Amino acid sequence: MKQLFLCLLLGIFPCLHAVNNLRLPGVRCMGMGECGVVQSALFNPAVVALDSYKSFDINYFNYYGLKELGTVGMSVSYPNNLLSAGVNISSFGYDRYRESMFRVFLGKSLTEKWTAGISIQYTFLQTELVEEKPQYLSADVGILFIPVEKLLIGMLIQDFPTVSIQKKEIDIESFISYSLQIGFQWEVINNLLIAGNAETNKQTVLTGCIGMEYQLLTHFYVRTGIKTTPLLPTLGIGYRLSGFIVDVAALYHPVLGISIGIGLKYCF
């Protein structure tokens with residue numbers, strides 16, 4: 001059974017989601033259908049240049065109530081007029097199968113309308129299926145464009161190129177591949193935000209997601225969204241108290257059930 005579960009983690013599970021298990025955009029975005037291209041520096045490195053505050057955050061997302069399918073990530077962001085920067089450490093899995101990633105991301109506002117960013121990821125896999133640890137380096141490039149006030153458009157090339165540090169027994173393409181994404185964020189009214197993403201990658205020709213966030217009370221937010229391939233509805237809430245922000249999100253799979261995530265962010 002252990003070997004079977006490891007095989008599922010290594011093969012079937014990543015293909016079902018067509019994304020890297022370590023590359024979650026944050027719990028806030030998960031509640032909005034996972035629209036991360038224009039909202040999360042954990043997806044698009046250019047986003048860090050638009051942040052107003054320095055921040056430290058930690059996110060935990062658990063797939064279908066299985067502790068073996070949990071992802072935890074910690075990030076520090078430091079926006080600066082000269083060059084904004086941040087670091088992220090993420091881990092997915094459990095003792096017998098674990099993917100880990102260390103990421104450095106940089107962002108710079110080029111003009112009032114254009115912002116660019118780049119990130120470098122070092123990722124390695126620890127599993128009982130092989131004796132050695134597959135390791136690789138990859139890069140992301142992101143661009144943000146503000147055509148008019150309250151509208152933000154972004155483009156992201158994720159994990160391209162990807163280079164294996166050493167030749168290993170596992171093909172790195174079995175759990176990571178390039179992704180090209182575009183997205184938007186539109187503040188329709190002061191209390192309502194709509195976002196959407198479209199993505200193409202090696203596993204799927206086209207996938208998408210759309211979500212919204214509504215400020216119900218002064219410091220309280222409600223969110224909902226949906227993503228495709230397969231069709232997964234999402235819900236989320238967020239509460240801000242002084243410099244602390246707490247986010248909770250839930251994703252529903254029609255066969256496998258509910259996934260839950262929680263995030264805590266401190267802005268300073």
# chains A, B, ... in the order shown; residues from 1 in each chain; ligands from 1
call {"tool": "residues_around", "arguments": {"residues": "A:Thr228", "least_positions_apart": "4", "cutoff": "12 Å", "atoms": "only C-alpha atoms", "output": "PyMOL selection string"}}
result
chain A and resi 16-18+33-35+196-199+204-211+232-234+252-253
call {"tool": "select_by_dssp", "arguments": {"residues": "stretch 25-253 of chain A", "states": "strand (DSSP E)", "output": "PyMOL selection string"}}
result
chain A and resi 55-62+70-78+84-94+97-109+114-127+135-145+151-158+162-164+179-189+192-201+207-217+220-227+232-241+244-253
call {"tool": "closest_residue", "arguments": {"among": "A:Leu192, A:Gly31, A:Leu24, A:Leu156", "to": "A:Ile226", "atoms": "only C-alpha atoms"}}
result
A:Gly31
call {"tool": "atom_distance", "arguments": {"atom1": "atom CA of A:Tyr136", "atom2": "atom CA of A:Asp95"}}
result
20.2 Å
call {"tool": "residues_around", "arguments": {"residues": "A:Leu151", "least_positions_apart": "5", "cutoff": "6 Å", "atoms": "only C-alpha atoms", "output": "list in words"}}
result
Ile146, Gln185 and Trp186 of chain A
call {"tool": "write_last_selection", "arguments": {"atoms": "N, CA, C and O atoms", "output": "mmCIF file, in the first residue's frame"}}
result
data_model
loop_
_atom_site.group_PDB
_atom_site.id
_atom_site.type_symbol
_atom_site.label_atom_id
_atom_site.label_comp_id
_atom_site.auth_asym_id
_atom_site.auth_seq_id
_atom_site.Cartn_x
_atom_site.Cartn_y
_atom_site.Cartn_z
ATOM 1 N N ILE A 146 -1.057 48.224 -16.298
ATOM 2 C CA ILE A 146 -2.220 48.952 -15.796
ATOM 3 C C ILE A 146 -2.703 49.882 -16.906
ATOM 4 O O ILE A 146 -2.225 51.016 -17.033
ATOM 5 N N GLN A 185 -7.370 41.657 -13.189
ATOM 6 C CA GLN A 185 -8.016 42.024 -11.937
ATOM 7 C C GLN A 185 -8.702 43.371 -12.136
ATOM 8 O O GLN A 185 -8.067 44.331 -12.581
ATOM 9 N N TRP A 186 -9.987 43.424 -11.830
ATOM 10 C CA TRP A 186 -10.765 44.646 -12.071
ATOM 11 C C TRP A 186 -11.569 44.980 -10.823
ATOM 12 O O TRP A 186 -12.380 44.184 -10.372
#
call {"tool": "closest_residue", "arguments": {"among": "A:Leu231, A:Leu193, A:Ile258, A:Val47", "to": "A:Phe145", "atoms": "only C-alpha atoms"}}
result
A:Val47
call {"tool": "atom_distance", "arguments": {"atom1": "atom CA of A:Cys267", "atom2": "atom CA of A:Arg103"}}
result
20.1 Å
call {"tool": "select_by_dssp", "arguments": {"residues": "stretch 18-76 of chain A", "states": "alpha helix (DSSP H)", "output": "list in words"}}
result
Val27, Arg28, Cys29, Met30 and Gly31 of chain A
call {"tool": "residues_around", "arguments": {"residues": "stretch 37-42 of chain A", "least_positions_apart": "4", "cutoff": "7 Å", "atoms": "only C-alpha atoms", "output": "PyMOL selection string"}}
result
chain A and resi 25-26+46-48+152-156+182-185+197
call {"tool": "residues_around", "arguments": {"residues": "A:Phe220", "least_positions_apart": "5", "cutoff": "9 Å", "atoms": "only C-alpha atoms", "output": "mmCIF file with N, CA and C atoms, in the first residue's frame"}}
result
data_model
loop_
_atom_site.group_PDB
_atom_site.id
_atom_site.type_symbol
_atom_site.label_atom_id
_atom_site.label_comp_id
_atom_site.auth_asym_id
_atom_site.auth_seq_id
_atom_site.Cartn_x
_atom_site.Cartn_y
_atom_site.Cartn_z
ATOM 1 N N TYR A 214 -15.655 40.315 -2.228
ATOM 2 C CA TYR A 214 -16.537 41.413 -1.827
ATOM 3 C C TYR A 214 -16.254 41.783 -0.381
ATOM 4 N N GLN A 215 -16.036 43.075 -0.144
ATOM 5 C CA GLN A 215 -15.801 43.561 1.212
ATOM 6 C C GLN A 215 -17.149 43.767 1.889
ATOM 7 N N ILE A 237 -13.016 33.308 2.968
ATOM 8 C CA ILE A 237 -13.272 34.500 3.770
ATOM 9 C C ILE A 237 -11.933 35.058 4.237
ATOM 10 N N GLY A 238 -11.923 36.334 4.571
ATOM 11 C CA GLY A 238 -10.721 36.963 5.091
ATOM 12 C C GLY A 238 -11.071 38.036 6.100
ATOM 13 N N TYR A 239 -10.210 38.172 7.103
ATOM 14 C CA TYR A 239 -10.442 39.182 8.147
ATOM 15 C C TYR A 239 -9.124 39.879 8.472
ATOM 16 N N ARG A 240 -9.177 41.199 8.538
ATOM 17 C CA ARG A 240 -7.981 41.981 8.830
ATOM 18 C C ARG A 240 -8.129 42.682 10.167
#
call {"tool": "closest_residue", "arguments": {"among": "A:Lys67, A:Ile194, A:Ser75, A:Pro134", "to": "A:Glu213", "atoms": "only C-alpha atoms"}}
result
A:Ile194
call {"tool": "residues_around", "arguments": {"residues": "A:Leu50", "least_positions_apart": "3", "cutoff": "9 Å", "atoms": "only C-alpha atoms", "output": "list in words"}}
result
Ala46, Val47, Pro79, Ser84, Gly107, Lys108, Ser109 and Thr115 of chain A
call {"tool": "write_last_selection", "arguments": {"atoms": "all heavy atoms", "output": "mmCIF file, in the first residue's frame"}}
result
data_model
loop_
_atom_site.group_PDB
_atom_site.id
_atom_site.type_symbol
_atom_site.label_atom_id
_atom_site.label_comp_id
_atom_site.auth_asym_id
_atom_site.auth_seq_id
_atom_site.Cartn_x
_atom_site.Cartn_y
_atom_site.Cartn_z
ATOM 1 N N ALA A 46 6.342 39.791 -10.353
ATOM 2 C CA ALA A 46 6.147 41.232 -10.535
ATOM 3 C C ALA A 46 5.211 41.820 -9.501
ATOM 4 O O ALA A 46 5.258 43.029 -9.216
ATOM 5 C CB ALA A 46 5.615 41.507 -11.940
ATOM 6 N N VAL A 47 4.348 40.991 -8.902
ATOM 7 C CA VAL A 47 3.359 41.483 -7.944
ATOM 8 C C VAL A 47 4.018 42.108 -6.718
ATOM 9 O O VAL A 47 3.477 43.037 -6.117
ATOM 10 C CB VAL A 47 2.402 40.344 -7.536
ATOM 11 C CG1 VAL A 47 1.468 40.775 -6.413
ATOM 12 C CG2 VAL A 47 1.584 39.886 -8.740
ATOM 13 N N PRO A 79 8.911 45.111 -0.387
ATOM 14 C CA PRO A 79 8.795 46.082 -1.492
ATOM 15 C C PRO A 79 9.694 47.282 -1.266
ATOM 16 O O PRO A 79 9.877 47.743 -0.135
ATOM 17 C CB PRO A 79 7.315 46.472 -1.451
ATOM 18 C CG PRO A 79 6.865 46.168 -0.065
ATOM 19 C CD PRO A 79 7.681 45.003 0.401
ATOM 20 N N SER A 84 12.169 45.603 -5.463
ATOM 21 C CA SER A 84 11.422 44.820 -4.486
ATOM 22 C C SER A 84 11.874 43.363 -4.542
ATOM 23 O O SER A 84 12.226 42.848 -5.606
ATOM 24 C CB SER A 84 9.925 44.915 -4.772
ATOM 25 O OG SER A 84 9.476 46.257 -4.699
ATOM 26 N N GLY A 107 11.027 42.131 -8.172
ATOM 27 C CA GLY A 107 10.094 42.890 -8.991
ATOM 28 C C GLY A 107 10.492 44.353 -9.068
ATOM 29 O O GLY A 107 11.091 44.897 -8.136
ATOM 30 N N LYS A 108 10.169 44.992 -10.195
ATOM 31 C CA LYS A 108 10.561 46.392 -10.408
ATOM 32 C C LYS A 108 9.491 47.109 -11.232
ATOM 33 O O LYS A 108 9.068 46.615 -12.290
ATOM 34 C CB LYS A 108 11.908 46.444 -11.152
ATOM 35 C CG LYS A 108 12.344 47.838 -11.578
ATOM 36 C CD LYS A 108 12.733 48.711 -10.402
ATOM 37 C CE LYS A 108 13.285 50.056 -10.855
ATOM 38 N NZ LYS A 108 13.603 50.947 -9.717
ATOM 39 N N SER A 109 9.044 48.275 -10.754
ATOM 40 C CA SER A 109 8.137 49.113 -11.527
ATOM 41 C C SER A 109 8.942 49.878 -12.564
ATOM 42 O O SER A 109 9.788 50.707 -12.219
ATOM 43 C CB SER A 109 7.388 50.081 -10.607
ATOM 44 O OG SER A 109 6.522 49.388 -9.734
ATOM 45 N N THR A 115 5.165 46.901 -14.939
ATOM 46 C CA THR A 115 5.963 46.305 -13.876
ATOM 47 C C THR A 115 6.440 44.930 -14.339
ATOM 48 O O THR A 115 5.684 44.192 -14.989
ATOM 49 C CB THR A 115 5.140 46.156 -12.587
ATOM 50 O OG1 THR A 115 4.661 47.430 -12.175
ATOM 51 C CG2 THR A 115 5.982 45.556 -11.472
#
call {"tool": "residues_around", "arguments": {"residues": "A:Gly261", "least_positions_apart": "5", "cutoff": "6 Å", "atoms": "only C-alpha atoms", "output": "VMD selection string"}}
result
chain A and resid 27 60 to 61 248 to 249
call {"tool": "atom_distance", "arguments": {"atom1": "atom CA of A:Thr200", "atom2": "atom CA of A:Ser179"}}
result
5.9 Å
call {"tool": "closest_residue", "arguments": {"among": "A:Phe160, A:Phe105, A:Tyr266, A:Tyr63", "to": "A:Tyr178", "atoms": "only C-alpha atoms"}}
result
A:Phe160
call {"tool": "decode", "arguments": {"residues": "stretch 77-110 of chain A", "atoms": "N, CA, C and O atoms", "output": "mmCIF file, in the first residue's frame"}}
result
data_model
loop_
_atom_site.group_PDB
_atom_site.id
_atom_site.type_symbol
_atom_site.label_atom_id
_atom_site.label_comp_id
_atom_site.auth_asym_id
_atom_site.auth_seq_id
_atom_site.Cartn_x
_atom_site.Cartn_y
_atom_site.Cartn_z
ATOM 1 N N SER A 77 8.148 39.269 2.053
ATOM 2 C CA SER A 77 8.184 40.215 0.933
ATOM 3 C C SER A 77 8.685 41.564 1.416
ATOM 4 O O SER A 77 8.293 42.033 2.492
ATOM 5 N N TYR A 78 9.540 42.181 0.605
ATOM 6 C CA TYR A 78 10.145 43.463 0.979
ATOM 7 C C TYR A 78 10.055 44.416 -0.217
ATOM 8 O O TYR A 78 10.989 44.514 -1.015
ATOM 9 N N PRO A 79 8.911 45.111 -0.387
ATOM 10 C CA PRO A 79 8.795 46.082 -1.492
ATOM 11 C C PRO A 79 9.694 47.282 -1.266
ATOM 12 O O PRO A 79 9.877 47.743 -0.135
ATOM 13 N N ASN A 80 10.265 47.781 -2.358
ATOM 14 C CA ASN A 80 11.209 48.891 -2.280
ATOM 15 C C ASN A 80 11.161 49.655 -3.596
ATOM 16 O O ASN A 80 10.968 49.071 -4.659
ATOM 17 N N ASN A 81 11.335 50.974 -3.527
ATOM 18 C CA ASN A 81 11.286 51.787 -4.741
ATOM 19 C C ASN A 81 12.385 51.415 -5.724
ATOM 20 O O ASN A 81 12.204 51.517 -6.946
ATOM 21 N N LEU A 82 13.531 50.995 -5.212
ATOM 22 C CA LEU A 82 14.651 50.635 -6.073
ATOM 23 C C LEU A 82 14.460 49.249 -6.681
ATOM 24 O O LEU A 82 14.493 49.081 -7.906
ATOM 25 N N LEU A 83 14.269 48.247 -5.838
ATOM 26 C CA LEU A 83 14.065 46.871 -6.296
ATOM 27 C C LEU A 83 13.371 46.091 -5.189
ATOM 28 O O LEU A 83 13.918 45.927 -4.098
ATOM 29 N N SER A 84 12.169 45.603 -5.463
ATOM 30 C CA SER A 84 11.422 44.820 -4.486
ATOM 31 C C SER A 84 11.874 43.363 -4.542
ATOM 32 O O SER A 84 12.226 42.848 -5.606
ATOM 33 N N ALA A 85 11.847 42.699 -3.374
ATOM 34 C CA ALA A 85 12.352 41.323 -3.314
ATOM 35 C C ALA A 85 11.578 40.518 -2.293
ATOM 36 O O ALA A 85 10.859 41.047 -1.440
ATOM 37 N N GLY A 86 11.729 39.205 -2.390
ATOM 38 C CA GLY A 86 11.101 38.311 -1.433
ATOM 39 C C GLY A 86 11.665 36.911 -1.545
ATOM 40 O O GLY A 86 12.344 36.569 -2.516
ATOM 41 N N VAL A 87 11.385 36.101 -0.527
ATOM 42 C CA VAL A 87 11.796 34.697 -0.517
ATOM 43 C C VAL A 87 10.609 33.844 -0.088
ATOM 44 O O VAL A 87 9.723 34.307 0.642
ATOM 45 N N ASN A 88 10.592 32.616 -0.563
ATOM 46 C CA ASN A 88 9.528 31.685 -0.222
ATOM 47 C C ASN A 88 10.107 30.294 -0.052
ATOM 48 O O ASN A 88 10.967 29.862 -0.815
ATOM 49 N N ILE A 89 9.631 29.579 0.979
ATOM 50 C CA ILE A 89 9.995 28.183 1.204
ATOM 51 C C ILE A 89 8.699 27.388 1.272
ATOM 52 O O ILE A 89 7.798 27.725 2.053
ATOM 53 N N SER A 90 8.598 26.332 0.452
ATOM 54 C CA SER A 90 7.385 25.518 0.413
ATOM 55 C C SER A 90 7.729 24.046 0.505
ATOM 56 O O SER A 90 8.794 23.609 0.057
ATOM 57 N N SER A 91 6.789 23.281 1.073
ATOM 58 C CA SER A 91 6.987 21.840 1.202
ATOM 59 C C SER A 91 5.649 21.139 1.002
ATOM 60 O O SER A 91 4.616 21.567 1.520
ATOM 61 N N PHE A 92 5.669 20.050 0.220
ATOM 62 C CA PHE A 92 4.473 19.256 -0.043
ATOM 63 C C PHE A 92 4.767 17.789 0.240
ATOM 64 O O PHE A 92 5.831 17.285 -0.100
ATOM 65 N N GLY A 93 3.805 17.102 0.879
ATOM 66 C CA GLY A 93 3.938 15.669 1.081
ATOM 67 C C GLY A 93 4.148 15.280 2.527
ATOM 68 O O GLY A 93 3.773 16.003 3.454
ATOM 69 N N TYR A 94 4.801 14.140 2.717
ATOM 70 C CA TYR A 94 5.055 13.634 4.061
ATOM 71 C C TYR A 94 6.418 12.958 4.050
ATOM 72 O O TYR A 94 7.181 13.108 3.086
ATOM 73 N N ASP A 95 6.765 12.227 5.132
ATOM 74 C CA ASP A 95 8.129 11.727 5.319
ATOM 75 C C ASP A 95 8.618 10.859 4.167
ATOM 76 O O ASP A 95 9.783 10.933 3.776
ATOM 77 N N ARG A 96 7.750 10.021 3.582
ATOM 78 C CA ARG A 96 8.177 9.088 2.548
ATOM 79 C C ARG A 96 8.115 9.668 1.137
ATOM 80 O O ARG A 96 8.603 9.065 0.195
ATOM 81 N N TYR A 97 7.471 10.824 1.022
ATOM 82 C CA TYR A 97 7.442 11.510 -0.277
ATOM 83 C C TYR A 97 7.301 13.000 0.003
ATOM 84 O O TYR A 97 6.281 13.473 0.495
ATOM 85 N N ARG A 98 8.339 13.751 -0.312
ATOM 86 C CA ARG A 98 8.298 15.181 -0.025
ATOM 87 C C ARG A 98 8.951 15.982 -1.142
ATOM 88 O O ARG A 98 10.068 15.695 -1.559
ATOM 89 N N GLU A 99 8.212 16.970 -1.642
ATOM 90 C CA GLU A 99 8.745 17.954 -2.574
ATOM 91 C C GLU A 99 9.001 19.241 -1.801
ATOM 92 O O GLU A 99 8.141 19.688 -1.040
ATOM 93 N N SER A 100 10.161 19.838 -1.999
ATOM 94 C CA SER A 100 10.523 21.067 -1.302
ATOM 95 C C SER A 100 11.071 22.083 -2.292
ATOM 96 O O SER A 100 11.722 21.712 -3.278
ATOM 97 N N MET A 101 10.809 23.357 -2.012
ATOM 98 C CA MET A 101 11.231 24.406 -2.932
ATOM 99 C C MET A 101 11.695 25.639 -2.157
ATOM 100 O O MET A 101 11.079 26.042 -1.174
ATOM 101 N N PHE A 102 12.793 26.219 -2.623
ATOM 102 C CA PHE A 102 13.269 27.515 -2.135
ATOM 103 C C PHE A 102 13.225 28.487 -3.308
ATOM 104 O O PHE A 102 13.750 28.184 -4.384
ATOM 105 N N ARG A 103 12.594 29.637 -3.115
ATOM 106 C CA ARG A 103 12.341 30.571 -4.209
ATOM 107 C C ARG A 103 12.748 31.982 -3.817
ATOM 108 O O ARG A 103 12.450 32.462 -2.722
ATOM 109 N N VAL A 104 13.427 32.656 -4.739
ATOM 110 C CA VAL A 104 13.768 34.073 -4.595
ATOM 111 C C VAL A 104 13.092 34.824 -5.729
ATOM 112 O O VAL A 104 13.218 34.429 -6.898
ATOM 113 N N PHE A 105 12.365 35.895 -5.409
ATOM 114 C CA PHE A 105 11.672 36.645 -6.451
ATOM 115 C C PHE A 105 11.963 38.139 -6.342
ATOM 116 O O PHE A 105 12.107 38.685 -5.245
ATOM 117 N N LEU A 106 12.065 38.795 -7.508
ATOM 118 C CA LEU A 106 12.397 40.204 -7.609
ATOM 119 C C LEU A 106 11.394 40.893 -8.515
ATOM 120 O O LEU A 106 10.952 40.329 -9.519
ATOM 121 N N GLY A 107 11.027 42.131 -8.172
ATOM 122 C CA GLY A 107 10.094 42.890 -8.991
ATOM 123 C C GLY A 107 10.492 44.353 -9.068
ATOM 124 O O GLY A 107 11.091 44.897 -8.136
ATOM 125 N N LYS A 108 10.169 44.992 -10.195
ATOM 126 C CA LYS A 108 10.561 46.392 -10.408
ATOM 127 C C LYS A 108 9.491 47.109 -11.232
ATOM 128 O O LYS A 108 9.068 46.615 -12.290
ATOM 129 N N SER A 109 9.044 48.275 -10.754
ATOM 130 C CA SER A 109 8.137 49.113 -11.527
ATOM 131 C C SER A 109 8.942 49.878 -12.564
ATOM 132 O O SER A 109 9.788 50.707 -12.219
ATOM 133 N N LEU A 110 8.678 49.594 -13.840
ATOM 134 C CA LEU A 110 9.434 50.225 -14.913
ATOM 135 C C LEU A 110 8.891 51.603 -15.243
ATOM 136 O O LEU A 110 9.654 52.548 -15.470
#
